[in-house]
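A short worksheet on the structure shown next.
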Amino acid sequence: MAKKEKAYYWPLWFSKILSPGEQTKIKSLIPQLCRAQEHLWRALNIYDDFLDGTGRRAELPLANLHFRHYLEIHYRLNLPSAYYRLFNKINNDLDEVNRKEVSAPRLKIKNNRVFIPKKLAQNKKSILLANKSLVLALAPLALLFASRAKKSQSHPKLYAALNFFKYALAAKQLSDDSHDWHEDLTRGLVTLANRPILLAAKKRNLELKLKNPATTANLLFATEAAPKIISELENLCACARREMAKISRNKKNLLLTKLITPLENACFKAKRFRALVVLNNQKML
């Protein structure tokens, strides 16, 4: 059996932090929502490849099939109308994010050199990074709506859960962007992770080249981008923990263990690594 992605288990992990009464009401929905997560994950990965320009046309029908299965499972749950309003909004937000990503202007790169435009796009709030993958939070949220089918849908747990996933997924996206900063620059993409490099190079009138492993770009990432990324990741993780505490204080919370703790540990390691890089190269800039 193929190994499941973490997102497959999110509905199950989320159910474990709910009250015994809530767990009884939603037990039958968990296998369905786990399957929906699997279909959604596979569809999103294929679509992301197309957005990156690396997708294969032969896989597009498969992505569409997975996405239809994801939609079908959710719509057959017969949840309150408030859930489907949220469901449609979050899926629409994903479409808008993808549209903007495709239409965003690319950096000019020639002979391995990045040409920085006179005006870079304004920095967006890191929490907005969650919109690229917030659809993955819908399955856990569906469990809350199902457990409260005959009650008010404005319960604080719903808002806390939505906010938890926004912070967690924004942190995950920022972490991914920080790993891919060089690749994204090579493709001409400006992200929250590499934008500080461009601004610093422009301010200091430095030339950015991308192939030499000891480039100015690498040093600027360590000195300019990394501190901002680490600080923002720590803040997003802290906010995610704060929102989860409004739902449950269960110490065996797998959503925190699997989603938040690895990011916090990565921040700690990144601080140590950055200190070494800056110490060894402080005279190069």
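Identifiers in this document derive from the order of the structure tokens: chains are assigned A, B, ..., residues are numbered from 1 separately in each chain, and ligands are numbered from 1 in order of occurrence.
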Please return, as an MDAnalysis selection string, all residues of range 54-167 of chain A that DSSP assigns to helix (DSSP H, G or I) on the basis of the backbone. chainID A and resid 57:75 81:103 126:132 134:147 156:167
Quick one: everything within 9 Å of Tyr83 in chain A, counting only C-alpha atoms, minus sequence neighbours fewer than 4 positions away in the same chain. Send it as an MDAnalysis selection string. chainID A and resid 79 87:88 138 141:142 145 153
Using N, CA and C atoms, can you write the selected residues to a file as a CSV table (one decimal), in the first residue's frame?
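Just written: result.csv:
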```csv
chain,number,residue,atom,x,y,z
A,79,LEU,N,-24.2,18.6,4.4
A,79,LEU,CA,-23.9,19.5,5.6
A,79,LEU,C,-24.7,20.8,5.5
A,87,PHE,N,-17.2,26.6,1.8
A,87,PHE,CA,-16.5,25.7,0.8
A,87,PHE,C,-16.3,26.4,-0.5
A,88,ASN,N,-17.4,27.0,-1.0
A,88,ASN,CA,-17.3,27.7,-2.3
A,88,ASN,C,-16.3,28.9,-2.2
A,138,LEU,N,-10.7,22.2,4.6
A,138,LEU,CA,-12.2,22.0,4.5
A,138,LEU,C,-12.6,20.7,5.1
A,141,LEU,N,-12.8,21.1,8.9
A,141,LEU,CA,-13.9,22.0,9.2
A,141,LEU,C,-15.3,21.4,9.0
A,142,ALA,N,-15.4,20.5,8.0
A,142,ALA,CA,-16.6,19.8,7.7
A,142,ALA,C,-17.1,19.0,9.0
A,145,PHE,N,-18.8,21.3,11.4
A,145,PHE,CA,-20.2,21.7,10.9
A,145,PHE,C,-21.1,20.5,11.1
A,153,GLN,N,-24.0,28.0,13.7
A,153,GLN,CA,-22.8,27.7,13.0
A,153,GLN,C,-21.7,28.8,13.3
```
Excluding same-chain residues fewer than 5 positions from range 169-174 of chain A, what lies within 12 Å of it counting only C-alpha atoms, as a VMD selection string? chain A and resid 7 124 to 137 162 to 164 179 to 181 191 to 194 225 to 226 228 to 240 255 258 to 264 266 to 267
Suppose we keep N, CA and C atoms; can you now write the selection as a short mmCIF file (atom, residue, chain, number, x, y, z; two decimals), in the first residue's frame?
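Written file, part34.cif:
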```
data_model
loop_
_atom_site.label_atom_id
_atom_site.label_comp_id
_atom_site.auth_asym_id
_atom_site.auth_seq_id
_atom_site.Cartn_x
_atom_site.Cartn_y
_atom_site.Cartn_z
N ALA A 7 -1.81 15.12 4.81
CA ALA A 7 -3.13 15.74 4.66
C ALA A 7 -4.26 14.72 4.67
N LYS A 124 3.04 41.24 0.30
CA LYS A 124 1.73 40.90 0.82
C LYS A 124 1.86 40.24 2.18
N LYS A 125 0.78 40.25 2.94
CA LYS A 125 0.81 39.66 4.27
C LYS A 125 1.02 38.15 4.16
N SER A 126 1.85 37.63 5.05
CA SER A 126 2.19 36.21 4.97
C SER A 126 0.96 35.32 5.15
N ILE A 127 -0.04 35.77 5.91
CA ILE A 127 -1.22 34.94 6.15
C ILE A 127 -1.95 34.63 4.84
N LEU A 128 -1.79 35.50 3.83
CA LEU A 128 -2.45 35.27 2.55
C LEU A 128 -1.86 34.09 1.79
N LEU A 129 -0.67 33.65 2.19
CA LEU A 129 -0.07 32.47 1.56
C LEU A 129 -0.94 31.23 1.77
N ALA A 130 -1.75 31.25 2.81
CA ALA A 130 -2.60 30.09 3.11
C ALA A 130 -3.63 29.83 2.02
N ASN A 131 -4.01 30.87 1.28
CA ASN A 131 -5.06 30.70 0.27
C ASN A 131 -4.69 29.70 -0.81
N LYS A 132 -3.40 29.44 -0.97
CA LYS A 132 -2.96 28.50 -1.99
C LYS A 132 -3.28 27.05 -1.63
N SER A 133 -3.48 26.78 -0.34
CA SER A 133 -3.73 25.40 0.08
C SER A 133 -4.82 25.27 1.14
N LEU A 134 -5.56 26.36 1.41
CA LEU A 134 -6.57 26.33 2.48
C LEU A 134 -7.70 25.34 2.18
N VAL A 135 -7.85 24.96 0.92
CA VAL A 135 -8.86 23.95 0.59
C VAL A 135 -8.63 22.66 1.37
N LEU A 136 -7.38 22.39 1.75
CA LEU A 136 -7.07 21.18 2.50
C LEU A 136 -7.62 21.22 3.93
N ALA A 137 -8.02 22.41 4.38
CA ALA A 137 -8.60 22.55 5.73
C ALA A 137 -10.09 22.27 5.74
N LEU A 162 -10.61 27.46 11.68
CA LEU A 162 -10.27 28.09 10.40
C LEU A 162 -8.99 28.91 10.53
N ASN A 163 -8.89 29.67 11.61
CA ASN A 163 -7.68 30.48 11.82
C ASN A 163 -6.45 29.62 12.05
N PHE A 164 -6.63 28.51 12.77
CA PHE A 164 -5.49 27.59 12.97
C PHE A 164 -4.91 27.15 11.64
N HIS A 179 12.74 27.21 1.07
CA HIS A 179 13.58 26.15 0.51
C HIS A 179 13.77 26.32 -0.99
N ASP A 180 12.76 26.91 -1.64
CA ASP A 180 12.77 27.03 -3.10
C ASP A 180 13.18 28.41 -3.59
N TRP A 181 13.74 29.25 -2.70
CA TRP A 181 14.00 30.64 -3.08
C TRP A 181 14.90 30.75 -4.32
N THR A 191 8.94 35.96 -4.55
CA THR A 191 8.18 35.43 -3.43
C THR A 191 8.55 36.19 -2.16
N LEU A 192 7.80 35.93 -1.09
CA LEU A 192 8.15 36.55 0.19
C LEU A 192 9.53 36.11 0.66
N ALA A 193 9.97 34.94 0.22
CA ALA A 193 11.25 34.42 0.66
C ALA A 193 12.43 35.03 -0.08
N ASN A 194 12.25 35.38 -1.36
CA ASN A 194 13.39 35.93 -2.09
C ASN A 194 13.31 37.44 -2.32
N ALA A 225 17.21 37.78 4.02
CA ALA A 225 15.93 37.06 3.92
C ALA A 225 15.68 36.13 5.10
N ALA A 226 16.69 35.34 5.47
CA ALA A 226 16.51 34.32 6.50
C ALA A 226 15.99 34.88 7.83
N LYS A 228 14.11 37.44 8.44
CA LYS A 228 12.70 37.81 8.27
C LYS A 228 11.82 36.57 8.19
N ILE A 229 12.30 35.57 7.44
CA ILE A 229 11.53 34.33 7.29
C ILE A 229 11.39 33.62 8.62
N ILE A 230 12.49 33.49 9.34
CA ILE A 230 12.46 32.80 10.63
C ILE A 230 11.52 33.50 11.60
N SER A 231 11.62 34.81 11.68
CA SER A 231 10.76 35.58 12.58
C SER A 231 9.29 35.40 12.22
N GLU A 232 8.98 35.44 10.94
CA GLU A 232 7.58 35.32 10.52
C GLU A 232 7.07 33.89 10.74
N LEU A 233 7.92 32.90 10.50
CA LEU A 233 7.52 31.52 10.75
C LEU A 233 7.23 31.30 12.23
N GLU A 234 8.07 31.83 13.08
CA GLU A 234 7.85 31.69 14.53
C GLU A 234 6.54 32.35 14.93
N ASN A 235 6.26 33.50 14.35
CA ASN A 235 5.02 34.20 14.67
C ASN A 235 3.80 33.42 14.19
N LEU A 236 3.85 32.89 12.97
CA LEU A 236 2.73 32.12 12.44
C LEU A 236 2.49 30.85 13.26
N CYS A 237 3.57 30.20 13.68
CA CYS A 237 3.43 28.99 14.50
C CYS A 237 2.82 29.31 15.86
N ALA A 238 3.26 30.41 16.45
CA ALA A 238 2.72 30.83 17.74
C ALA A 238 1.23 31.15 17.62
N CYS A 239 0.85 31.81 16.54
CA CYS A 239 -0.56 32.13 16.31
C CYS A 239 -1.39 30.86 16.11
N ALA A 240 -0.82 29.89 15.39
CA ALA A 240 -1.52 28.62 15.18
C ALA A 240 -1.75 27.90 16.51
N LEU A 255 -2.17 17.24 15.13
CA LEU A 255 -2.08 18.36 14.19
C LEU A 255 -0.94 19.28 14.57
N LYS A 258 2.46 17.15 14.08
CA LYS A 258 2.85 16.86 12.70
C LYS A 258 2.98 18.10 11.83
N LEU A 259 2.23 19.18 12.16
CA LEU A 259 2.25 20.36 11.31
C LEU A 259 3.12 21.48 11.87
N ILE A 260 2.97 21.76 13.17
CA ILE A 260 3.60 22.94 13.75
C ILE A 260 4.99 22.65 14.32
N THR A 261 5.12 21.59 15.08
CA THR A 261 6.40 21.28 15.72
C THR A 261 7.55 21.15 14.72
N PRO A 262 7.37 20.47 13.57
CA PRO A 262 8.49 20.40 12.60
C PRO A 262 8.93 21.77 12.10
N LEU A 263 7.99 22.69 11.92
CA LEU A 263 8.35 24.04 11.48
C LEU A 263 9.11 24.79 12.56
N GLU A 264 8.71 24.62 13.80
CA GLU A 264 9.41 25.25 14.92
C GLU A 264 10.83 24.71 15.05
N ALA A 266 12.57 23.45 12.63
CA ALA A 266 13.33 23.94 11.47
C ALA A 266 13.82 25.37 11.70
N CYS A 267 13.00 26.18 12.37
CA CYS A 267 13.42 27.56 12.68
C CYS A 267 14.64 27.56 13.60
#
```
Of A:His69, A:Lys246, A:Arg187, A:Lys16, the one nearest to Thr54 in chain A when counting only C-alpha atoms is A:Arg187
Mind checking which residues fall within 10 Å of range 42-48 of chain A, counting only C-alpha atoms, ignoring those fewer than 5 positions away in the same chain, and posting them as a PyMOL selection string? chain A and resi 5+37+53-57+59-70+98+132-133+135-136
Residue among A:Asn78, A:Lys211, A:Asn91, A:Ala139 lying closest to Tyr8 in chain A, counting only C-alpha atoms: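 With only C-alpha atoms as the atom set, the closest residue is A:Ala139.
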Pairwise distance for CA of Leu143 in chain A and CA of Thr257 in chain A, rounded to one decimal in Å: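 Computed distance, CA of Leu143 in chain A to CA of Thr257 in chain A, equals 20.1 Å.
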